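One structure is given here, and the rest of the page talks about it.
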Amino acid sequence: MEARAVTKYIRIAPRKMRLVINQVRFKPVKRALDTLARLNKKAARLVEKTLKSAEANAKDLKMDESRLFVRDIRADGGPSLKRYMSRSMGRADVILKRSTHLRVVLGEREVRVQAPESTKETKPSKAESPKSVKKPRVQRKAAGASK
């Protein structure tokens with residue numbers, strides 16, 4: 001089961017947003033929120049809001065909050081606002097004001113059950129293995145050596 005949250009038309013470039021989301025990908029939700037709270041970036045506040053929304057959606061779906069982690073987080077490009085800046089000799093440059101669509105998907109970590117200790121096979125130690133036995137070195141005489 002998964003919980004999602006989407007925020008569209010965020011007025012920040014996707015490239016700037018990806019710097020932040022790469023730091024929280026695949027982390028548990030609580031640790032991701034702590035990380036975002038410490039970052040001094042505009043994108044961190046926006047990701048934090050969307051992550052909290054996804055966490056609330058997970059709560060509505062009766063998911064276990066202690067096992068939630070960020071399964072997928074994406075910052076895709078949205079529409080760009082086009083602005084023009086005048087340049088010399090009557091020319092104009094296009095300035096693109098990019099926007100972002102942010103998508104957060106939370107999942108539950110599976111609990112791993114460890115096998116009992118008695119069923120595990122034991123490997124021989126290095127001292128018992130045949131590779132660790134040292135062979136005596138044979139010294140050879142030089143080919144041109146005489147007495």
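Within each chain, counting starts at residue 1; across the structure tokens, chains are named A, B, ... in the order shown, with ligands numbered 1 upward in that order.
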List every residue of chain A that DSSP, applied to the backbone, labels as alpha helix (DSSP H), and write the result as number ranges by chain. A: 14-21, 29-38, 42-60
Could those selected residues go to a file with N, CA and C atoms, as an mmCIF file, in the first residue's frame?
data_model
loop_
_atom_site.group_PDB
_atom_site.id
_atom_site.type_symbol
_atom_site.label_atom_id
_atom_site.label_comp_id
_atom_site.auth_asym_id
_atom_site.auth_seq_id
_atom_site.Cartn_x
_atom_site.Cartn_y
_atom_site.Cartn_z
ATOM 1 N N PRO A 14 12.952 23.075 -11.177
ATOM 2 C CA PRO A 14 13.087 21.677 -10.777
ATOM 3 C C PRO A 14 14.522 21.305 -10.390
ATOM 4 N N ARG A 15 15.473 21.930 -11.026
ATOM 5 C CA ARG A 15 16.876 21.632 -10.741
ATOM 6 C C ARG A 15 17.238 21.990 -9.297
ATOM 7 N N LYS A 16 16.699 23.093 -8.801
ATOM 8 C CA LYS A 16 16.931 23.500 -7.411
ATOM 9 C C LYS A 16 16.196 22.571 -6.450
ATOM 10 N N MET A 17 15.023 22.129 -6.850
ATOM 11 C CA MET A 17 14.232 21.228 -6.015
ATOM 12 C C MET A 17 14.911 19.868 -5.889
ATOM 13 N N ARG A 18 15.521 19.389 -6.965
ATOM 14 C CA ARG A 18 16.165 18.066 -6.948
ATOM 15 C C ARG A 18 17.351 18.016 -5.991
ATOM 16 N N LEU A 19 18.012 19.146 -5.763
ATOM 17 C CA LEU A 19 19.111 19.181 -4.796
ATOM 18 C C LEU A 19 18.614 18.803 -3.406
ATOM 19 N N VAL A 20 17.393 19.180 -3.099
ATOM 20 C CA VAL A 20 16.821 18.902 -1.783
ATOM 21 C C VAL A 20 16.247 17.492 -1.725
ATOM 22 N N ILE A 21 15.493 17.096 -2.747
ATOM 23 C CA ILE A 21 14.810 15.798 -2.666
ATOM 24 C C ILE A 21 15.780 14.630 -2.719
ATOM 25 N N VAL A 29 10.285 8.592 7.159
ATOM 26 C CA VAL A 29 9.624 9.900 7.117
ATOM 27 C C VAL A 29 10.122 10.818 8.235
ATOM 28 N N LYS A 30 10.258 10.292 9.446
ATOM 29 C CA LYS A 30 10.688 11.132 10.574
ATOM 30 C C LYS A 30 12.081 11.701 10.324
ATOM 31 N N ARG A 31 12.998 10.868 9.814
ATOM 32 C CA ARG A 31 14.353 11.352 9.548
ATOM 33 C C ARG A 31 14.369 12.327 8.370
ATOM 34 N N ALA A 32 13.508 12.096 7.381
ATOM 35 C CA ALA A 32 13.413 13.007 6.237
ATOM 36 C C ALA A 32 12.918 14.381 6.683
ATOM 37 N N LEU A 33 11.924 14.404 7.575
ATOM 38 C CA LEU A 33 11.414 15.687 8.076
ATOM 39 C C LEU A 33 12.475 16.422 8.900
ATOM 40 N N ASP A 34 13.257 15.672 9.682
ATOM 41 C CA ASP A 34 14.355 16.293 10.446
ATOM 42 C C ASP A 34 15.398 16.898 9.515
ATOM 43 N N THR A 35 15.727 16.168 8.457
ATOM 44 C CA THR A 35 16.704 16.660 7.481
ATOM 45 C C THR A 35 16.213 17.934 6.817
ATOM 46 N N LEU A 36 14.944 17.952 6.415
ATOM 47 C CA LEU A 36 14.382 19.123 5.743
ATOM 48 C C LEU A 36 14.306 20.333 6.672
ATOM 49 N N ALA A 37 14.049 20.092 7.948
ATOM 50 C CA ALA A 37 13.968 21.196 8.907
ATOM 51 C C ALA A 37 15.323 21.883 9.077
ATOM 52 N N ARG A 38 16.399 21.140 8.870
ATOM 53 C CA ARG A 38 17.746 21.700 9.039
ATOM 54 C C ARG A 38 18.287 22.391 7.792
ATOM 55 N N LYS A 42 14.665 27.315 0.205
ATOM 56 C CA LYS A 42 13.239 27.506 -0.057
ATOM 57 C C LYS A 42 12.590 26.178 -0.436
ATOM 58 N N ALA A 43 13.285 25.383 -1.221
ATOM 59 C CA ALA A 43 12.751 24.106 -1.679
ATOM 60 C C ALA A 43 12.496 23.164 -0.505
ATOM 61 N N ALA A 44 13.291 23.257 0.553
ATOM 62 C CA ALA A 44 13.113 22.379 1.707
ATOM 63 C C ALA A 44 11.766 22.617 2.377
ATOM 64 N N ARG A 45 11.347 23.867 2.472
ATOM 65 C CA ARG A 45 10.033 24.177 3.083
ATOM 66 C C ARG A 45 8.909 23.596 2.234
ATOM 67 N N LEU A 46 9.041 23.693 0.917
ATOM 68 C CA LEU A 46 7.999 23.213 0.009
ATOM 69 C C LEU A 46 7.913 21.690 0.018
ATOM 70 N N VAL A 47 9.063 21.021 0.055
ATOM 71 C CA VAL A 47 9.087 19.559 0.115
ATOM 72 C C VAL A 47 8.532 19.084 1.454
ATOM 73 N N GLU A 48 8.860 19.811 2.512
ATOM 74 C CA GLU A 48 8.382 19.452 3.846
ATOM 75 C C GLU A 48 6.846 19.480 3.915
ATOM 76 N N LYS A 49 6.231 20.503 3.318
ATOM 77 C CA LYS A 49 4.765 20.595 3.305
ATOM 78 C C LYS A 49 4.141 19.421 2.558
ATOM 79 N N THR A 50 4.720 19.078 1.421
ATOM 80 C CA THR A 50 4.177 17.981 0.622
ATOM 81 C C THR A 50 4.384 16.646 1.330
ATOM 82 N N LEU A 51 5.524 16.482 1.992
ATOM 83 C CA LEU A 51 5.807 15.251 2.725
ATOM 84 C C LEU A 51 4.846 15.076 3.906
ATOM 85 N N LYS A 52 4.544 16.171 4.599
ATOM 86 C CA LYS A 52 3.580 16.111 5.700
ATOM 87 C C LYS A 52 2.185 15.770 5.180
ATOM 88 N N SER A 53 1.841 16.269 4.008
ATOM 89 C CA SER A 53 0.558 15.947 3.396
ATOM 90 C C SER A 53 0.478 14.460 3.054
ATOM 91 N N ALA A 54 1.557 13.908 2.520
ATOM 92 C CA ALA A 54 1.594 12.480 2.196
ATOM 93 C C ALA A 54 1.508 11.639 3.470
ATOM 94 N N GLU A 55 2.135 12.124 4.541
ATOM 95 C CA GLU A 55 2.076 11.411 5.822
ATOM 96 C C GLU A 55 0.646 11.405 6.367
ATOM 97 N N ALA A 56 -0.060 12.524 6.227
ATOM 98 C CA ALA A 56 -1.460 12.594 6.658
ATOM 99 C C ALA A 56 -2.328 11.663 5.813
ATOM 100 N N ASN A 57 -2.036 11.569 4.526
ATOM 101 C CA ASN A 57 -2.779 10.651 3.654
ATOM 102 C C ASN A 57 -2.536 9.201 4.079
ATOM 103 N N ALA A 58 -1.312 8.899 4.500
ATOM 104 C CA ALA A 58 -0.991 7.548 4.963
ATOM 105 C C ALA A 58 -1.747 7.232 6.249
ATOM 106 N N LYS A 59 -1.878 8.234 7.084
ATOM 107 C CA LYS A 59 -2.617 8.058 8.336
ATOM 108 C C LYS A 59 -4.087 7.743 8.038
ATOM 109 N N ASP A 60 -4.665 8.417 7.043
ATOM 110 C CA ASP A 60 -6.050 8.149 6.650
ATOM 111 C C ASP A 60 -6.222 6.739 6.095
#
Met1 in chain A: which residues within 9 Å, counting only C-alpha atoms, same-chain residues fewer than 5 positions away excluded, as a list of chain:residue names? A:Leu61, A:Met63, A:Leu106, A:Gly107, A:Glu108
Could you write out the selected residues, including C-alpha atoms, as a tab-separated table (two decimals), in the first residue's frame?
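Everything below was put into out_9.tsv:
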chain	number	residue	atom	x	y	z
A	61	LEU	CA	-5.21	4.87	4.89
A	63	MET	CA	-0.75	2.70	7.43
A	106	LEU	CA	5.30	6.91	0.83
A	107	GLY	CA	5.46	3.17	1.45
A	108	GLU	CA	5.74	0.83	4.40
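Across A:Leu81, A:Ala3, A:Val105, A:Val24, the tightest approach to Lys62 in chain A is made by A:Ala3 when counting only C-alpha atoms.
In this comparison, which uses only C-alpha atoms, the residue of A:Ser86, A:Gln23, A:Asn40, A:Ser66 approaching Glu110 in chain A most closely is A:Ser66.
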How would you write, as a PyMOL selection string, the set of residues in range 10-69 of chain A that DSSP gives as strand (DSSP E or B)? chain A and resi 10+28+68-69
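Interatomic distance, CA of Arg71 in chain A to CA of Arg11 in chain A: 24.4 Å.
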Which neighbours of Phe26 in chain A fall inside 8 Å, counting only C-alpha atoms, when residues of the same chain fewer than 5 positions from it are skipped, and could you give them as an MDAnalysis selection string? chainID A and resid 69:72
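The spacing separating CA of Ala13 in chain A from CA of Tyr84 in chain A amounts to 17.8 Å.
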From the set A:Met89, A:Ala75, A:Val104, A:Val94, which residue has the shortest atom-to-atom contact distance to Arg4 in chain A, counting only C-alpha atoms? A:Val104
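You can rank A:Asp76, A:Arg67, A:Arg137, A:Arg98 by their closest distance to Arg112 in chain A using only C-alpha atoms, and at the top of that list sits A:Arg67.
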